[in-house]
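Colleague: Here you go, final_30.cif (mmCIF, C-alpha atoms and all ligand atoms):
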data_work
loop_
_atom_site.label_atom_id
_atom_site.label_comp_id
_atom_site.auth_asym_id
_atom_site.auth_seq_id
_atom_site.Cartn_x
_atom_site.Cartn_y
_atom_site.Cartn_z
CA MET A 161 -7.45 -16.39 27.24
CA THR A 162 -6.01 -17.28 30.57
CA HIS A 163 -7.04 -15.00 33.35
CA GLN A 164 -4.05 -12.86 33.95
CA GLY A 165 -5.87 -10.57 36.30
CA SER A 166 -5.21 -12.80 39.26
CA SER A 167 -1.47 -12.33 38.83
CA ILE A 168 -1.68 -8.57 39.27
CA SER A 169 -0.45 -7.66 42.70
CA SER A 170 0.61 -4.09 42.06
CA LYS A 171 -1.64 -1.49 43.58
CA SER A 172 -0.42 1.17 41.16
CA VAL A 173 -2.67 2.47 38.42
CA SER A 174 -1.90 4.50 35.31
CA VAL A 175 -4.84 6.81 34.60
CA ILE A 176 -4.95 7.78 30.92
CA ILE A 177 -7.06 10.75 29.86
CA PRO A 178 -7.39 11.77 26.20
CA THR A 179 -8.24 15.43 25.80
CA TYR A 180 -9.18 17.88 23.16
CA GLN A 181 -10.17 21.33 24.40
CA GLU A 182 -10.81 20.29 27.97
CA ALA A 183 -8.86 22.96 29.85
CA GLY A 184 -12.13 24.00 31.54
CA SER A 185 -12.82 20.54 32.96
CA LEU A 186 -9.32 19.36 33.79
CA PRO A 187 -8.60 21.26 37.05
CA THR A 188 -11.62 19.80 38.89
CA LEU A 189 -10.96 16.32 37.52
CA LEU A 190 -7.26 16.38 38.42
CA ASP A 191 -8.14 17.54 41.94
CA ARG A 192 -10.63 14.71 42.37
CA ILE A 193 -8.01 12.22 41.16
CA ALA A 194 -5.44 13.71 43.53
CA ALA A 195 -7.89 13.08 46.37
CA ILE A 196 -8.09 9.39 45.39
CA ARG A 197 -4.32 9.29 45.38
CA ASP A 198 -4.18 10.84 48.84
CA SER A 199 -6.57 8.20 50.12
CA GLY A 200 -3.96 5.53 49.40
CA CYS A 201 -4.37 4.52 45.75
CA ASP A 202 -0.96 4.91 44.10
CA LEU A 203 -1.45 6.33 40.65
CA GLU A 204 0.02 8.37 37.82
CA VAL A 205 -2.02 10.52 35.47
CA ILE A 206 -1.19 10.75 31.77
CA VAL A 207 -3.14 13.30 29.78
CA VAL A 208 -2.79 13.01 26.01
CA ASP A 209 -3.83 16.28 24.42
CA ASP A 210 -4.15 16.92 20.70
CA ASP A 211 -2.64 20.38 20.59
CA SER A 212 -5.70 22.11 22.05
CA ARG A 213 -3.89 25.43 22.71
CA ASP A 214 -6.56 26.28 25.25
CA GLY A 215 -4.40 26.60 28.34
CA THR A 216 -3.96 22.88 28.99
CA GLU A 217 -0.17 23.13 28.76
CA GLU A 218 -0.04 26.15 31.09
CA LEU A 219 -2.28 24.31 33.56
CA PHE A 220 0.24 21.48 33.87
CA GLU A 221 3.16 23.88 34.21
CA ARG A 222 1.33 25.56 37.08
CA ARG A 223 0.33 22.36 38.84
CA ASN A 224 3.79 20.86 38.40
CA ASN A 225 2.96 17.57 40.14
CA PRO A 226 5.39 14.74 39.40
CA TRP A 227 2.60 12.16 39.06
CA GLU A 228 0.67 14.26 36.52
CA ARG A 229 2.11 14.14 33.00
CA LEU A 230 0.98 15.90 29.86
CA ILE A 231 1.76 14.59 26.40
CA VAL A 232 0.89 16.98 23.60
CA ARG A 233 0.53 15.52 20.13
CA ARG A 234 1.18 18.21 17.55
CA THR A 235 0.45 16.30 14.39
CA GLU A 236 -1.68 13.27 15.22
CA ARG A 237 -5.41 13.45 15.97
CA GLY A 238 -8.05 11.11 17.31
CA LEU A 239 -9.43 9.72 20.54
CA SER A 240 -8.40 6.07 20.13
CA SER A 241 -4.86 6.74 18.99
CA ALA A 242 -4.48 9.21 21.87
CA VAL A 243 -5.51 6.47 24.31
CA LEU A 244 -3.00 4.04 22.76
CA ARG A 245 -0.28 6.67 23.00
CA GLY A 246 -1.07 7.11 26.70
CA MET A 247 -0.92 3.35 27.21
CA ASP A 248 2.47 3.24 25.49
CA GLU A 249 3.81 5.95 27.79
CA SER A 250 2.38 4.50 31.00
CA ASN A 251 4.41 2.76 33.69
CA HIS A 252 2.07 0.70 35.87
CA ASP A 253 0.51 -2.74 35.47
CA VAL A 254 -3.07 -1.52 35.66
CA LEU A 255 -4.21 0.85 32.89
CA LEU A 256 -7.34 2.91 33.33
CA VAL A 257 -8.88 5.16 30.67
CA MET A 258 -11.43 7.92 31.31
CA ASP A 259 -12.91 11.07 29.80
CA ALA A 260 -11.77 14.49 30.92
CA ASP A 261 -15.16 16.17 30.96
CA GLY A 262 -16.28 14.91 34.37
CA SER A 263 -18.71 12.34 32.98
CA HIS A 264 -16.74 9.54 34.60
CA PRO A 265 -16.38 9.62 38.41
CA PRO A 266 -12.73 9.06 39.37
CA GLU A 267 -14.01 7.75 42.70
CA ALA A 268 -14.75 4.46 40.90
CA ILE A 269 -11.07 3.96 40.01
CA PRO A 270 -10.12 1.84 43.06
CA ALA A 271 -13.07 -0.55 42.54
CA MET A 272 -12.29 -0.90 38.82
CA ALA A 273 -8.64 -1.69 39.55
CA GLN A 274 -9.63 -4.11 42.29
CA ALA A 275 -11.84 -6.01 39.82
CA LEU A 276 -8.71 -6.85 37.80
CA ARG A 277 -6.84 -8.02 40.89
CA ASP A 278 -9.85 -10.22 41.66
CA GLY A 279 -9.41 -11.95 38.31
CA ALA A 280 -11.28 -9.89 35.71
CA ASP A 281 -9.69 -9.46 32.26
CA PHE A 282 -11.35 -6.09 31.86
CA SER A 283 -13.52 -3.77 33.94
CA VAL A 284 -15.92 -1.09 32.80
CA GLY A 285 -17.50 1.87 34.54
CA SER A 286 -21.07 1.05 33.57
CA ARG A 287 -24.28 3.05 33.36
CA TYR A 288 -26.45 0.04 32.62
CA VAL A 289 -25.98 -2.29 35.59
CA PRO A 290 -27.92 -2.08 38.88
CA GLY A 291 -26.60 0.91 40.77
CA GLY A 292 -25.48 2.68 37.61
CA SER A 293 -27.26 5.66 36.11
CA THR A 294 -27.13 8.46 33.59
CA GLU A 295 -27.71 12.07 34.52
CA ASP A 296 -30.91 13.54 33.10
CA GLY A 297 -30.63 15.89 30.20
CA TRP A 298 -29.61 13.40 27.57
CA GLY A 299 -31.67 14.25 24.51
CA VAL A 300 -33.80 11.47 22.99
CA LEU A 301 -31.48 11.48 19.99
CA ARG A 302 -28.32 10.84 21.96
CA TRP A 303 -30.10 8.13 23.96
CA VAL A 304 -31.41 6.30 20.87
CA ASN A 305 -27.98 6.68 19.32
CA SER A 306 -26.28 5.11 22.30
CA LYS A 307 -28.80 2.22 22.36
CA ILE A 308 -28.34 1.40 18.68
CA ALA A 309 -24.56 1.47 19.06
CA THR A 310 -24.82 -0.84 22.06
CA VAL A 311 -27.00 -3.35 20.19
CA MET A 312 -24.50 -3.37 17.32
CA ALA A 313 -21.80 -4.43 19.75
CA ARG A 314 -23.87 -7.43 20.89
CA PRO A 315 -22.20 -10.00 18.61
CA PHE A 316 -18.87 -9.23 20.27
CA THR A 317 -19.60 -8.98 23.95
CA SER A 318 -22.47 -9.34 26.39
CA VAL A 319 -21.27 -6.31 28.38
CA ARG A 320 -24.21 -3.99 29.09
CA ASP A 321 -22.24 -0.83 28.51
CA PRO A 322 -19.57 -1.71 25.92
CA MET A 323 -19.54 1.87 24.63
CA SER A 324 -18.19 3.21 27.86
CA GLY A 325 -15.02 5.24 27.55
CA PHE A 326 -14.31 4.46 31.22
CA PHE A 327 -12.46 1.15 31.48
CA CYS A 328 -9.55 -0.68 32.99
CA ILE A 329 -7.24 -3.39 31.58
CA ALA A 330 -4.04 -5.06 32.76
CA ARG A 331 -0.89 -4.25 30.80
CA SER A 332 -0.26 -7.99 30.31
CA THR A 333 -3.73 -8.55 28.79
CA TRP A 334 -3.20 -5.64 26.41
CA LYS A 335 0.26 -6.89 25.40
CA ALA A 336 -1.00 -10.44 24.79
CA GLY A 337 -3.77 -9.24 22.45
CA ALA A 338 -3.85 -8.90 18.68
CA GLU A 339 -2.72 -5.75 16.93
CA LEU A 340 -5.09 -2.85 17.59
CA ASP A 341 -6.79 -0.72 15.01
CA PRO A 342 -7.32 2.73 16.51
CA ILE A 343 -10.31 3.56 14.35
CA GLY A 344 -13.07 5.74 15.72
CA TYR A 345 -14.16 6.24 19.30
CA LYS A 346 -14.63 2.79 20.80
CA ILE A 347 -11.17 1.80 21.87
CA GLY A 348 -12.70 -0.02 24.88
CA LEU A 349 -14.71 -2.34 22.63
CA GLU A 350 -11.64 -2.81 20.44
CA LEU A 351 -9.62 -3.93 23.47
CA ILE A 352 -12.33 -6.32 24.72
CA VAL A 353 -12.45 -8.05 21.33
CA LYS A 354 -8.80 -7.98 20.22
CA CYS A 355 -7.42 -8.89 23.65
CA ARG A 356 -10.05 -11.64 23.92
CA CYS A 357 -11.30 -10.49 27.29
CA VAL A 358 -13.78 -13.03 28.61
CA ASN A 359 -14.34 -12.07 32.19
CA VAL A 360 -15.54 -8.47 32.01
CA VAL A 361 -16.74 -6.89 35.23
CA GLU A 362 -19.04 -3.88 35.20
CA VAL A 363 -18.67 -1.44 38.04
CA PRO A 364 -21.80 0.73 38.39
CA ILE A 365 -21.22 4.46 37.93
CA HIS A 366 -23.30 7.60 37.72
CA PHE A 367 -22.57 9.14 34.33
CA SER A 368 -22.67 12.93 34.65
CA THR A 369 -23.42 15.41 31.90
CA ARG A 370 -20.39 17.46 30.95
CA ARG A 371 -20.38 20.94 32.46
CA GLU A 372 -17.69 22.56 30.31
CA GLY A 373 -16.92 22.48 26.60
CA GLU A 374 -18.77 20.28 24.16
CA SER A 375 -18.97 16.70 22.95
CA LYS A 376 -16.82 15.65 20.02
CA LEU A 377 -19.25 12.94 18.98
CA THR A 378 -20.00 13.92 15.41
CA LEU A 379 -21.57 12.22 12.39
CA LYS A 380 -18.09 11.28 11.25
CA VAL A 381 -17.56 9.48 14.55
CA GLN A 382 -20.73 7.45 13.95
CA TRP A 383 -19.64 6.52 10.45
CA GLU A 384 -16.30 5.39 11.83
CA TYR A 385 -18.15 3.28 14.36
CA LEU A 386 -19.83 1.40 11.51
CA LEU A 387 -16.46 0.74 9.89
CA HIS A 388 -15.11 -0.32 13.26
CA ILE A 389 -17.93 -2.87 13.70
CA ILE A 390 -17.11 -4.34 10.27
CA SER A 391 -13.45 -4.66 11.15
CA LEU A 392 -14.33 -6.35 14.47
CA CYS A 393 -16.63 -8.77 12.60
CA ARG A 394 -13.78 -9.68 10.27
CA PHE A 395 -11.53 -10.27 13.25
CA LYS A 396 -13.92 -12.33 15.34
CA TYR A 397 -15.93 -14.13 12.63
CA PRO A 398 -13.59 -14.26 9.62
CA ARG A 399 -15.38 -17.07 7.73
CA LEU A 400 -18.85 -15.63 8.15
CA SER A 401 -17.62 -12.13 7.28
CA SER A 402 -16.31 -13.54 4.02
CA PHE A 403 -19.09 -15.96 3.10
CA LEU A 404 -22.01 -13.61 3.76
CA PRO A 405 -20.82 -10.82 1.43
CA PHE A 406 -19.86 -13.50 -1.10
CA ALA A 407 -23.44 -14.83 -1.13
CA LEU A 408 -24.86 -11.31 -1.42
CA VAL A 409 -22.52 -10.41 -4.27
CA GLY A 410 -23.57 -13.65 -5.97
CA LEU A 411 -27.20 -12.59 -5.64
CA SER A 412 -26.43 -9.18 -7.08
CA GLY A 413 -24.71 -10.98 -9.97
CA ILE A 414 -28.00 -12.57 -11.00
CA ALA A 415 -29.58 -9.12 -11.27
CA VAL A 416 -26.60 -7.79 -13.20
CA TYR A 417 -26.68 -10.75 -15.59
CA VAL A 418 -30.39 -10.49 -16.34
CA GLY A 419 -30.12 -6.70 -16.66
CA LEU A 420 -27.20 -6.97 -19.09
CA LEU A 421 -29.04 -9.47 -21.28
CA ALA A 422 -32.02 -7.15 -21.42
CA VAL A 423 -29.93 -4.08 -22.25
CA LEU A 424 -27.80 -5.88 -24.84
CA GLY A 425 -30.96 -7.31 -26.40
CA THR A 426 -32.44 -3.88 -27.09
CA PHE A 427 -29.80 -2.80 -29.59
CA TRP A 428 -28.35 -6.10 -30.70
CA SER A 429 -31.17 -8.50 -31.19
CA SER A 430 -30.16 -10.80 -34.06
CA ASP A 431 -30.86 -14.43 -33.21
CA GLU A 432 -27.62 -15.75 -34.69
CA THR A 433 -25.49 -13.80 -32.25
CA ALA A 434 -27.49 -14.65 -29.13
CA TRP A 435 -24.64 -16.89 -27.93
CA LEU A 436 -22.24 -13.94 -28.17
CA ARG A 437 -24.55 -11.73 -26.12
CA ILE A 438 -24.77 -14.41 -23.48
CA LEU A 439 -21.00 -14.76 -23.46
CA VAL A 440 -20.50 -11.00 -23.09
CA ALA A 441 -23.07 -10.87 -20.26
CA VAL A 442 -21.43 -13.83 -18.48
CA LEU A 443 -17.97 -12.25 -18.71
CA LEU A 444 -19.14 -8.84 -17.53
CA THR A 445 -21.06 -10.41 -14.65
CA MET A 446 -18.02 -12.42 -13.61
CA THR A 447 -15.97 -9.23 -13.62
CA TRP A 448 -18.61 -7.48 -11.53
CA ASN A 449 -18.60 -10.31 -9.01
CA PHE A 450 -14.80 -10.42 -9.01
CA ALA A 451 -14.48 -6.71 -8.24
CA TRP A 452 -16.91 -6.81 -5.33
CA ASP A 453 -15.81 -10.16 -3.94
CA ARG A 454 -12.24 -8.99 -3.92
CA ARG A 455 -13.21 -5.93 -1.88
CA LEU A 456 -15.90 -7.32 0.39
CA ALA A 457 -15.38 -11.07 0.73
CA PHE A 458 -11.62 -11.48 0.29
CA TRP A 459 -10.40 -8.15 1.61
CA ASP A 460 -7.33 -9.71 3.17
CA ALA A 461 -6.01 -11.47 0.05
CA ARG A 462 -2.44 -10.97 -1.11
CA GLY A 463 -0.93 -11.40 -4.55
CA SER A 464 -1.37 -10.10 -8.07
CA ILE A 465 -4.82 -8.99 -9.20
CA VAL A 466 -4.31 -10.53 -12.66
CA ARG A 467 -3.59 -13.96 -11.22
CA GLN A 468 -6.62 -13.55 -8.93
CA TYR A 469 -8.84 -12.61 -11.85
CA PHE A 470 -7.93 -15.63 -13.94
CA GLY A 471 -8.20 -17.89 -10.91
CA PHE A 472 -11.67 -16.50 -10.22
CA VAL A 473 -12.82 -17.08 -13.80
CA ALA A 474 -11.41 -20.62 -13.83
CA VAL A 475 -13.24 -21.43 -10.60
CA CYS A 476 -16.50 -20.04 -12.05
CA ALA A 477 -16.21 -22.37 -15.04
CA ILE A 478 -16.84 -25.43 -12.90
CA PRO A 479 -20.35 -24.55 -11.64
CA LEU A 480 -21.16 -23.48 -15.20
CA LEU A 481 -20.25 -27.00 -16.32
CA VAL A 482 -22.36 -28.43 -13.49
CA THR A 483 -25.28 -26.30 -14.67
CA TYR A 484 -24.77 -27.47 -18.22
CA PHE A 485 -24.67 -31.16 -17.36
CA ALA A 486 -27.51 -30.95 -14.84
CA THR A 487 -29.68 -29.23 -17.47
CA TYR A 488 -28.71 -31.84 -20.03
CA PHE A 489 -29.43 -34.67 -17.59
CA PHE A 490 -32.89 -33.41 -16.63
CA ALA A 491 -33.78 -32.63 -20.21
CA ARG A 492 -32.85 -36.19 -21.21
CA SER A 493 -34.67 -37.85 -18.32
CA GLY A 494 -37.60 -35.64 -19.26
CA GLU A 495 -37.59 -37.08 -22.76
CA ASP A 496 -38.19 -40.58 -21.41
CA THR A 497 -41.09 -39.64 -19.16
CA GLY A 498 -42.31 -36.83 -21.34
CA GLY A 499 -42.53 -34.44 -18.34
CA PHE A 500 -39.46 -32.20 -18.57
CA GLY A 501 -39.19 -29.47 -21.17
CA LEU A 502 -35.90 -27.67 -21.75
CA PRO A 503 -36.91 -24.49 -19.86
CA THR A 504 -37.81 -26.47 -16.76
CA ALA A 505 -34.67 -28.53 -17.00
CA GLY A 506 -32.71 -25.28 -17.37
CA LEU A 507 -34.28 -23.87 -14.23
CA VAL A 508 -33.55 -27.00 -12.20
CA GLY A 509 -30.04 -27.16 -13.65
CA SER A 510 -29.21 -23.54 -12.83
CA VAL A 511 -30.55 -23.83 -9.29
CA ILE A 512 -28.35 -26.88 -8.72
CA GLY A 513 -25.39 -25.18 -10.40
CA SER A 514 -25.80 -22.00 -8.32
CA ALA A 515 -26.17 -23.83 -5.02
CA PHE A 516 -23.10 -25.88 -5.84
CA GLY A 517 -21.24 -22.78 -7.00
CA LEU A 518 -22.04 -20.84 -3.86
CA VAL A 519 -20.22 -23.35 -1.70
CA PHE A 520 -17.62 -24.61 -4.19
CA ASN A 521 -16.62 -21.14 -5.44
CA TRP A 522 -16.31 -19.72 -1.99
CA PHE A 523 -14.02 -22.53 -0.83
CA CYS A 524 -11.87 -22.50 -3.96
CA ASN A 525 -11.60 -18.72 -3.97
CA ARG A 526 -10.80 -18.60 -0.29
CA TRP A 527 -8.18 -21.35 -0.29
CA LEU A 528 -6.73 -21.17 -3.80
CA VAL A 529 -7.35 -17.79 -5.43
CA PHE A 530 -7.50 -15.15 -2.71
CA ARG A 531 -4.91 -16.50 -0.33
CA GLN A 532 -4.37 -14.63 2.87
CA GLY A 533 -1.07 -13.11 3.85
CA LYS A 534 0.85 -14.51 6.75
N1 LIG B 601 -6.61 13.48 22.41
C1 LIG B 601 -7.87 13.49 21.93
N2 LIG B 601 -8.07 13.57 20.58
N3 LIG B 601 -8.90 13.44 22.80
C2 LIG B 601 -10.17 13.46 22.30
C3 LIG B 601 -10.43 13.53 20.91
C4 LIG B 601 -9.32 13.59 20.02
O1 LIG B 601 -9.46 13.66 18.81
N4 LIG B 601 -11.79 13.53 20.75
C5 LIG B 601 -12.33 13.45 21.98
N5 LIG B 601 -11.35 13.43 22.92
C6 LIG B 601 -11.50 13.33 24.37
C7 LIG B 601 -12.38 14.40 24.95
O2 LIG B 601 -11.65 15.55 25.25
C8 LIG B 601 -12.91 13.70 26.20
O3 LIG B 601 -11.99 13.77 27.26
C9 LIG B 601 -13.04 12.27 25.75
O4 LIG B 601 -12.14 12.11 24.66
C10 LIG B 601 -14.48 11.92 25.31
O5 LIG B 601 -14.91 12.85 24.36
P1 LIG B 601 -16.38 13.48 24.42
O6 LIG B 601 -16.49 14.43 23.29
O7 LIG B 601 -16.71 13.96 25.79
O8 LIG B 601 -17.22 12.20 24.07
P2 LIG B 601 -18.70 11.88 24.43
O9 LIG B 601 -19.09 12.38 25.77
O10 LIG B 601 -19.56 12.27 23.29
O11 LIG B 601 -18.63 10.29 24.45
C11 LIG B 601 -18.21 9.66 25.63
O12 LIG B 601 -19.25 8.89 26.13
C12 LIG B 601 -19.62 7.81 25.31
C13 LIG B 601 -20.72 7.05 25.95
O13 LIG B 601 -21.87 7.80 25.95
C14 LIG B 601 -16.97 8.80 25.39
O14 LIG B 601 -16.49 8.29 26.63
C15 LIG B 601 -17.27 7.64 24.51
O15 LIG B 601 -16.12 6.79 24.45
C16 LIG B 601 -18.43 6.91 25.09
O16 LIG B 601 -18.80 5.88 24.22
MN MN B 602 -18.28 13.41 27.20
#
Have the structure of the file written as structure tokens, please.
Ligand code: GDD
Ligand code: MN
Modeller:
Amino acid sequence: MTHQGSSISSKSVSVIIPTYQEAGSLPTLLDRIAAIRDSGCDLEVIVVDDDSRDGTEELFERRNNPWERLIVRRTERGLSSAVLRGMDESNHDVLLVMDADGSHPPEAIPAMAQALRDGADFSVGSRYVPGGSTEDGWGVLRWVNSKIATVMARPFTSVRDPMSGFFCIARSTWKAGAELDPIGYKIGLELIVKCRCVNVVEVPIHFSTRREGESKLTLKVQWEYLLHIISLCRFKYPRLSSFLPFALVGLSGIAVYVGLLAVLGTFWSSDETAWLRILVAVLLTMTWNFAWDRRLAFWDARGSIVRQYFGFVAVCAIPLLVTYFATYFFARSGEDTGGFGLPTAGLVGSVIGSAFGLVFNWFCNRWLVFRQGK
């Protein structure tokens, strides 16, 4: 993406703060932000609260400052969608997001905004660059958790602290990006990837432990993070995210096929109907593969499932033919030299057929059967 940061001249910043039950932390934070404002950084504050009913609304009525706005969402819930709502309601060219609990020092706001004016696509308040730190008192569990989450974000960005909820992006960069999926907690990572931010600057911060209230980082949040990583993979590496599950489903199909033959053989063992057992096992395995491929490899396909199913089966028929003719060929060439028995020829034939099918089926399914929507 072109670096739009350099075109930002405005010194005004919209500070967006998602809150849930943060009435205890807000007064101190708002005062610290007001001090930044007094020191010459023009800013507005937008707090997006999810109906906490803990005195947050009364606090804003009391403070009654024109640059401090409260939006209360009565029906919607969730950190990321709250951040997006705040961005929608904001007025300035520079958008900055931070936590309410005092973990993120508002004193870093001017430097983070300046980074964008200096040409960055995105800036992050970072614990993991020289000069940054984390307050003691983080349990081992939370630390390990944070490290694992950071490593999982590696394929998308080389930022040291991509999990940070303290970040800054230009309105124009946000608007030029792809549609956002407000799943889970990591809206910062989502923005870096979907808005194709290349030049990300990390501003060192000291990350404080919250003094009031408690963290909302639950097991559910971690599960959502996993789903979020998958959706980012599909966005950034669409071919790989389709081919890899396709190959794994194919592998599972071998196990299903062999298992079915064994099970069918136990109660239906007459030799004359062996061909029928094989046929049933092949059809069931194809259906198994179809169901999983449709979900995992071709998740974005449009169109009728019936048409997809018959397309899938038709495509499968071709590697089966390749297997048949390869087996036949090696069995025949074995006859001449006397070295190839039918089982060996079958093995060679099926390996060739499977390798061919892996590539051929994926391409045909991707381009002909499971066509993507516009
Ligand atoms: N509106 C709204 N709705 N706000 C929420 C919600 C919600 O459902 N859940 C959490 N928040 C607000 C909190 O009130 C707080 O201001 C901020 O989002 C972060 O929530 P915390 O509960 O304090 O999160 P955390 O400290 O566990 O995680 C923070 O640090 C992580 C890095 O260690 C966040 O900044 C994460 O984004 C960050 O990855
Ligand atoms: Mn916190």
Colleague: Could you give me, as a list in words, every polymer residue with an atom at most 6 Å away from an atom of ligand MN 602 (chain B), counting all atoms listed in the file?
Modeller: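 What falls inside 6 Å of ligand MN 602 (chain B) is Asp261, Ser263, Arg370 and Ser375 of chain A.
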Colleague: Please produce a file of the residues just selected, as a short mmCIF file (atom, residue, chain, number, x, y, z; two decimals), in the frame of the given file, where the atoms kept are C-alpha atoms.
Modeller:
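The result, stored in out_35.cif:
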data_model
loop_
_atom_site.label_atom_id
_atom_site.label_comp_id
_atom_site.auth_asym_id
_atom_site.auth_seq_id
_atom_site.Cartn_x
_atom_site.Cartn_y
_atom_site.Cartn_z
CA ASP A 261 -15.16 16.17 30.96
CA SER A 263 -18.71 12.34 32.98
CA ARG A 370 -20.39 17.46 30.95
CA SER A 375 -18.97 16.70 22.95
#
Colleague: Quick one: residues within 8 Å of Ser240 (chain A), all atoms listed in the file, excluding same-chain residues fewer than 4 positions away - as a list in words?
Modeller: Leu244, Pro342, Ile343, Gly344, Tyr345, Lys346 and Ile347 of chain A
Colleague: Work out how far atom O4 of ligand LIG 601 (chain B) is from CA of Val208 (chain A), in Å to one decimal.
Modeller: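 Between CA of Val208 (chain A) and atom O4 of ligand LIG 601 (chain B) the gap works out to 9.5 Å.
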Colleague: Extract, using only C-alpha atoms, all DNA, RNA and protein residues at most 10 Å from Phe485 (chain A), discarding same-chain residues fewer than 6 positions from it, and format them as a list in words.
Modeller: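 Residues near the query, excluding close chain neighbours: Pro479, Ala491, Gly506, Gly509, Ser510 and Gly513 of chain A.
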Colleague: As a quick test: using only C-alpha atoms and all ligand atoms, which residues lie no more than 7 Å away from ligand LIG 601 (chain B)? Give them as a PyMOL selection string.
Modeller: chain A and resi 177-182+208-210+237-239+242+258-261+306+323-326+345-346+374-377
Colleague: Which residue out of A:Gly299, A:Pro364, A:Pro315, A:Gly517 has the minimum interatomic distance to Ala407 (chain A) when all atoms listed in the file are used?
Modeller: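 Going through A:Gly299, A:Pro364, A:Pro315, A:Gly517 one by one, the smallest distance to Ala407 (chain A) is for A:Gly517.
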Colleague: How many Å lie between CA of Arg287 (chain A) and CA of Val361 (chain A), rounded to one decimal?
Modeller: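 Between CA of Arg287 (chain A) and CA of Val361 (chain A) the gap is 12.6 Å.
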Colleague: Report, in Å with one decimal, the straight-line distance from CA of Val363 (chain A) to CA of Val381 (chain A).
Modeller: 25.9 Å
Colleague: Would you mind telling me which residue in A:Tyr397, A:Val284, A:Leu386, A:Ser402 lies nearest to Ile352 (chain A) when using only C-alpha atoms?
Modeller: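 Smallest distance to Ile352 (chain A) is found for A:Val284.
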Colleague: Skipping near chain neighbours, those fewer than 4 positions away, what residues fall within 10 Å of Leu408 (chain A) using all atoms listed in the file, listed as an NGL selection string?
Modeller: :A and (403-404 or 412-413 or 449 or 452-453 or 456-457)
Colleague: Using only C-alpha atoms, which of the listed residues (A:Arg277, A:Leu340, A:His264, A:Ser493) sits closest to Phe327 (chain A)?
Modeller: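 Once distances to Phe327 (chain A) are computed over only C-alpha atoms, the minimum belongs to A:His264.
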Colleague: Using all atoms listed in the file for the distances, tell me which of A:Phe516, A:Phe489, A:Phe395, A:Phe450 is nearest to Phe530 (chain A).
Modeller: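 Using all atoms listed in the file, the shortest distance to Phe530 (chain A) belongs to A:Phe450.
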Colleague: With only C-alpha atoms as the atoms that count, which of A:Ala515, A:Val175, A:Cys476, A:Leu507 lies nearest to Leu190 (chain A)?
Modeller: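 Looking at the shortest contact to Leu190 (chain A), the residue is A:Val175.
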Colleague: Region 221-232 of chain A: which residues within 12 Å, counting only C-alpha atoms, same-chain residues fewer than 4 positions away excluded, as a PyMOL selection string?
Modeller: chain A and resi 172-181+186-187+189-191+193-194+197-198+202-213+215-217+236-237+242-243+245-252
Colleague: Output requested as a PDB file, in the coordinates of the input - region 376-387 of chain A, filled out with N, CA and C atoms.
Modeller:
ATOM      1  N   LYS A 376     -17.453  15.752  21.328  1.00  0.00           N
ATOM      2  CA  LYS A 376     -16.820  15.650  20.020  1.00  0.00           C
ATOM      3  C   LYS A 376     -17.432  14.512  19.207  1.00  0.00           C
ATOM      4  N   LEU A 377     -18.598  14.054  19.675  1.00  0.00           N
ATOM      5  CA  LEU A 377     -19.250  12.940  18.980  1.00  0.00           C
ATOM      6  C   LEU A 377     -20.019  13.458  17.772  1.00  0.00           C
ATOM      7  N   THR A 378     -19.410  13.360  16.617  1.00  0.00           N
ATOM      8  CA  THR A 378     -20.000  13.920  15.410  1.00  0.00           C
ATOM      9  C   THR A 378     -20.503  12.795  14.500  1.00  0.00           C
ATOM     10  N   LEU A 379     -21.085  13.193  13.370  1.00  0.00           N
ATOM     11  CA  LEU A 379     -21.570  12.220  12.390  1.00  0.00           C
ATOM     12  C   LEU A 379     -20.424  11.362  11.877  1.00  0.00           C
ATOM     13  N   LYS A 380     -19.287  12.000  11.715  1.00  0.00           N
ATOM     14  CA  LYS A 380     -18.090  11.280  11.250  1.00  0.00           C
ATOM     15  C   LYS A 380     -17.735  10.163  12.228  1.00  0.00           C
ATOM     16  N   VAL A 381     -17.852  10.468  13.513  1.00  0.00           N
ATOM     17  CA  VAL A 381     -17.560   9.480  14.550  1.00  0.00           C
ATOM     18  C   VAL A 381     -18.489   8.286  14.420  1.00  0.00           C
ATOM     19  N   GLN A 382     -19.763   8.541  14.084  1.00  0.00           N
ATOM     20  CA  GLN A 382     -20.730   7.450  13.950  1.00  0.00           C
ATOM     21  C   GLN A 382     -20.447   6.603  12.716  1.00  0.00           C
ATOM     22  N   TRP A 383     -20.030   7.253  11.656  1.00  0.00           N
ATOM     23  CA  TRP A 383     -19.640   6.520  10.450  1.00  0.00           C
ATOM     24  C   TRP A 383     -18.449   5.628  10.746  1.00  0.00           C
ATOM     25  N   GLU A 384     -17.484   6.178  11.475  1.00  0.00           N
ATOM     26  CA  GLU A 384     -16.300   5.390  11.830  1.00  0.00           C
ATOM     27  C   GLU A 384     -16.665   4.206  12.708  1.00  0.00           C
ATOM     28  N   TYR A 385     -17.710   4.385  13.507  1.00  0.00           N
ATOM     29  CA  TYR A 385     -18.150   3.280  14.360  1.00  0.00           C
ATOM     30  C   TYR A 385     -18.631   2.109  13.500  1.00  0.00           C
ATOM     31  N   LEU A 386     -19.353   2.440  12.440  1.00  0.00           N
ATOM     32  CA  LEU A 386     -19.830   1.400  11.510  1.00  0.00           C
ATOM     33  C   LEU A 386     -18.655   0.640  10.901  1.00  0.00           C
ATOM     34  N   LEU A 387     -17.641   1.376  10.466  1.00  0.00           N
ATOM     35  CA  LEU A 387     -16.460   0.740   9.890  1.00  0.00           C
ATOM     36  C   LEU A 387     -15.748  -0.108  10.952  1.00  0.00           C
TER      37      LEU A 387
END
